Structure formats: structure tokens, C-alpha cells
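Student: Take this structure, written in C-alpha cells, and hold onto it; I'll ask about it next.
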Amino acid sequence: MAQLPGYHFNKRKNTVVPGAIVATIVGVTGIVLLGGVFAAGPVVAYEPEDAFDGAPGTNGLHVVEDTGASNSKALRFGLLPATDDGTNEPDPDPDPTPDPDPVEPDPEPDPKPDPDPTPTPEPKPCTMPPEGVVLDSEPGERPWRMNGAVFTPTFSIAGMSAEWGNHVKRAAAEWSRSYCIDASVITTACTADIYACIPVSEAKLAPNGNVPTLGQAPYTKDNEGYTIKASLQLDPAAHAGYPATEALSTVVHEMGHTLGLKHRLTAGLMLSANAKAGGTPQLPDNTDFYNIAVIYGRQLSQ
């Protein structure tokens with residue numbers, strides 16, 4: 001019984017370069033005014049080089065096409081180097097070396113197929129620890145008889161509220177972390193053909209003196225000490241004034257009893273007679289799982 005007290009972009013072409021001006025209109029005669037310098041004649045097309053990699057004085061621009069007569073003036077941007085006669089005529093370049101094509105990166109190889117996924121490991125068997133005795137526990141543990149390699153209890157939440165039914169599902173999942181337990185939850189009532197079916201209900205429970213009873217787990221055992229019948233009863237109203245997490249702690253505690261465990265001797269633990277209320281749900285610890293392995297693994301070793 002649980003009782004609780006209180007960018008970088010730099011391609012060969014089309015690089016945007018600060019201070020570089022690109023004229024792309026070809027074959028149009030007119031007057032171009034730029035930065036206070038102007039010239040009449042056909043427009044010369046320009047394109048940017050790599051960022052700031054032109055010859056000195058070119059500011060990274062170069063002539064790529066001259067569509068006018070041979071004596072036409074180059075468009076004067078104050079960017080072309082002066083010739084020997086000081087006319088700022090551009091040196092003829094009958095056979096300009098074209099820019100090399102960009103080097104295409106080697107294509108990435110086809111990705112290797114994923115290796116076969118790591119298979120899910122087989123569950124470890126339920127075995128009794130070498131010591132063979134429960135630890136930090138009251139005497140009188142009362143397991144169910146094993147019905148296979150693991151014990152498979154079923155908890156029925158028929159008629160329960162969604163909130164408390166969810167607590168039962170979470171508690172069953174926590175105890176199923178044991179190699180010896182594979183618990184399930186059903187929303188229908190227990191029937192005689194379901195082995196170790198444990199009904200869970202919400203009920204008003206009598207207090208233990210001035211201490212409210214949050215939950216209890218009545219059971220019946222046979223003359224050899226094995227549980228043959230059990231139920232789990234919870235009192236939602238009794239949880240008023242406790243942290244909201246206490247509901248799950250209560251369910252986990254009482255479910256531990258339905259599995260056959262007794263109270264822990266150390267105070268303040270999930271399975272202690274007077275568990276400690278707190279903001280975090282109390283869940284089974286390593287000793288609890290150890291003791292489950294003792295009481296169920298023992299049967300498999302016999």
C-alpha cells in the first residue's frame with residue numbers, strides 16, 4: 001500500500017565586383033556619360049573578370065567586343081591603360097585569348113548503398129542473478145508462476161478515465177523494461193482465458209488514519225506463495241494536494257506489488273512504504289529490476 005505524506009560567390013563569369021561596371025548593349029551609337037567622362041561611338045561590351053584580377057588600371061574589366069570602326073574610341077571609363085601616344089586608345093588585340101572554360105568539378109561518385117541495418121538484438125533472457133536473493137526488500141515476495149520465458153501480465157483499464165488509463169499504460173511500459181516482464185494493457189474486461197489479467201479501477205479508498213490511501217493492490221496467493229489473483233485500485237480524489245506527477249508514481253508503485261514485489265527497506269524510494277512525493281515521477285530503479293529478475297528468473301533456473 002502506497003502511503004504518502006505531504007557568401008561567398010566567386011565564379012569565373014558574372015561575378016559582382018564592387019566598383020566594376022558592366023555595359024552589355026552592343027551596336028548602339030550614342031553618347032554615354034559616366035562619372036563625368038563621355039565618348040561618342042559604338043558601345044563596347046564589357047564583362048567582369050574574376051574579382052579584381054584585371055591588368056593594372058583595368059579595375060577588373062576587359063574589352064570583349066568592339067563593334068565600331070577601327071578608329072572608334074573605346075568607351076572611356078577612366079579604366080583603360082593609356083597607350084604610348086597618350087590617346088588612351090586601347091592596344092589592338094586581334095586574337096584575344098579567350099577565358100578558359102570553368103573547370104567543372106569531378107562528379108560526385110554514386111553514394112554507396114547503405115549497409116544492412118543493424119539487426120535488433122535479441123532480448124536478453126530472464127535469468128536469476130548469481131546471489132539469488134532480493135535486495136533491500138521486506139520478506140515475502142509473491143511472484144506469479146512463469147508462463148513462458150518472460151512473465152506476461154495483462155492490465156485491464158476497462159471503465160477508467162483516459163487520464164488514469166494513460167498512467168497505467170506508462171507504468172506497464174516502465175516495468176516492461178525488465179527482461180523478465182512483458183506487460184500489456186487492454187481496454188476490455190479481464191476474462192478467464194487471459195492469464196494473469198489484473199483489473200485496474202478508480203475507487204474511493206479508506207484512509208490509513210489521517211493519511212490518505214492513494215492506491216492499493218489486493219492479491220491472493222496459493223499455498224506455495226505464488227500469486228494467483230490480484231487487482232490494482234487507485235483513488236484519484238486522494239491525490240488532491242499532491243504534485244500532478246504523483247499519480248504516475250502511485251500507479252508504478254502499486255503495479256510493482258501486483259508483480260509480486262514487497263516494499264523496499266530504504267525510505268523515500270518509489271517502492272518504499274512511505275514514498276517521497278516530488279515533482280518528478282518515481283520510477284523503478286536498478287534494485288527493483290534486480291529483484292524482479294530474482295523472483296522470476298529463479299523459476300526458470302529450477
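Here's how to read the names in the C-alpha cells: chain A, B, ... by the order shown, residue numbers from 1 in each chain, ligand numbers from 1 in the order shown.
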Let's see if you can do this: from backbone DSSP, list all strand (DSSP E) residues in segment 156-192 of chain A, as a list in words.

Tutor: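 In segment 156-192 of chain A, DSSP puts these residues in strand (DSSP E): Ser156, Ser184, Val185 and Ile186 of chain A.
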
Student: Excluding segment 174-177 of chain A and its own-chain neighbours fewer than 4 positions away, which residues fall within 9 Å of it when counting only C-alpha atoms? Please give them as a PyMOL selection string.

Tutor: chain A and resi 169-170+181-184+252+255-256+283-284+289

Student: Given the selection you just returned, output its residues as a file containing N, CA and C atoms, formatted as a CSV table (one decimal), in the first residue's frame.

Tutor:
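See result-v6.csv below for the written result:
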chain,number,residue,atom,x,y,z
A,169,LYS,N,-0.8,2.7,-18.6
A,169,LYS,CA,0.0,2.3,-19.8
A,169,LYS,C,1.4,2.7,-19.6
A,170,ARG,N,1.7,3.9,-19.1
A,170,ARG,CA,3.1,4.3,-18.8
A,170,ARG,C,3.8,3.4,-17.8
A,181,ILE,N,9.7,-9.1,-17.7
A,181,ILE,CA,8.4,-8.7,-17.7
A,181,ILE,C,8.0,-8.2,-19.1
A,182,ASP,N,6.9,-8.6,-19.6
A,182,ASP,CA,6.3,-8.1,-20.9
A,182,ASP,C,4.8,-7.8,-20.7
A,183,ALA,N,4.6,-6.7,-20.1
A,183,ALA,CA,3.2,-6.3,-19.7
A,183,ALA,C,2.4,-5.7,-20.8
A,184,SER,N,1.1,-5.9,-20.9
A,184,SER,CA,0.2,-5.3,-21.9
A,184,SER,C,-0.9,-4.7,-21.2
A,252,VAL,N,2.8,3.2,-10.6
A,252,VAL,CA,4.1,2.4,-10.7
A,252,VAL,C,4.3,1.6,-9.5
A,255,MET,N,1.6,-1.2,-9.1
A,255,MET,CA,1.8,-2.2,-10.1
A,255,MET,C,3.0,-3.1,-9.7
A,256,GLY,N,4.0,-2.5,-9.1
A,256,GLY,CA,5.1,-3.3,-8.6
A,256,GLY,C,4.6,-4.4,-7.6
A,283,LEU,N,10.1,6.2,-10.5
A,283,LEU,CA,10.1,5.0,-11.4
A,283,LEU,C,10.9,3.9,-10.9
A,284,PRO,N,10.8,2.7,-11.4
A,284,PRO,CA,11.6,1.6,-10.9
A,284,PRO,C,13.1,1.9,-11.1
A,289,PHE,N,14.5,-3.7,-10.6
A,289,PHE,CA,14.6,-4.7,-11.7
A,289,PHE,C,15.5,-5.9,-11.3

Student: Need to verify the contact set: segment 131-137 of chain A, 6 Å, only C-alpha atoms, exclusion of same-chain residues closer than 6 positions in sequence. Can you return it as a list in words?

Tutor: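 Near segment 131-137 of chain A, the qualifying residues are His263, Arg264, Leu265, Asn291 and Val294 of chain A.
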
Student: Between atom CA of Cys197 of chain A and atom CA of Leu234 of chain A, what is the distance in Å, rounded to a tenth?

Tutor: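 We find that atom CA of Cys197 of chain A and atom CA of Leu234 of chain A lie 16.8 Å from each other.
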
Student: Looking at A:Val211, A:Val150, A:Cys180, A:Ala238, which one is nearest to Tyr290 of chain A, with distances taken over only C-alpha atoms?

Tutor: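 For Tyr290 of chain A, the nearest of the candidates is A:Cys180.
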
Student: Could you check which of A:His253, A:Ser178, A:Ala172, A:Gly225 is closest to Asn286 of chain A, using only C-alpha atoms?

Tutor: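 Checking each of A:His253, A:Ser178, A:Ala172, A:Gly225 against Asn286 of chain A, counting only C-alpha atoms, the winner is A:Ser178.
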
Student: Suppose you want the space between atom CA of Ala230 of chain A and atom CA of Thr266 of chain A; what is it in Å?

Tutor: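 So the two atoms, atom CA of Ala230 of chain A and atom CA of Thr266 of chain A, lie 25.1 Å apart.
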
Student: Report, in Å with one decimal, the straight-line distance from atom CA of Asn208 of chain A to atom CA of Phe155 of chain A.

Tutor: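 Going from atom CA of Asn208 of chain A over to atom CA of Phe155 of chain A covers 25.9 Å.
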
Student: I'd like to know which of A:Thr152, A:Arg298, A:Thr213, A:Glu202 is closest to Asn274 of chain A, using only C-alpha atoms.

Tutor: A:Thr213

Student: Any idea what's packed within 12 Å of Met160 of chain A, counting only C-alpha atoms, ignoring anything in its chain fewer than 3 positions away? Could you give it as a PyMOL selection string?

Tutor: chain A and resi 155-157+163-169+186-189+199-203+232-236

Student: Taking only C-alpha atoms into account, name the residue in A:Glu254, A:Ile295, A:Ile194, A:Ala162 that is nearest to Gly140 of chain A.

Tutor: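 For Gly140 of chain A, the nearest of the candidates is A:Ile295.
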
Student: Would you kindly return, as a list in words, each protein, DNA or RNA residue with an atom no farther than 6 Å from any atom of segment 141-146 of chain A, considering only C-alpha atoms and excluding same-chain residues fewer than 6 positions away?

Tutor: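 So the residues in contact are Gly225, Tyr226, Thr227, Gly260, Leu261 and Lys262 of chain A.
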
Student: Would you please work out which residue, of A:Ile228, A:Ala277, A:Leu300, A:Val251, is nearest to Pro125 of chain A when using only C-alpha atoms?

Tutor: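 Closest to Pro125 of chain A, using only C-alpha atoms: A:Leu300.
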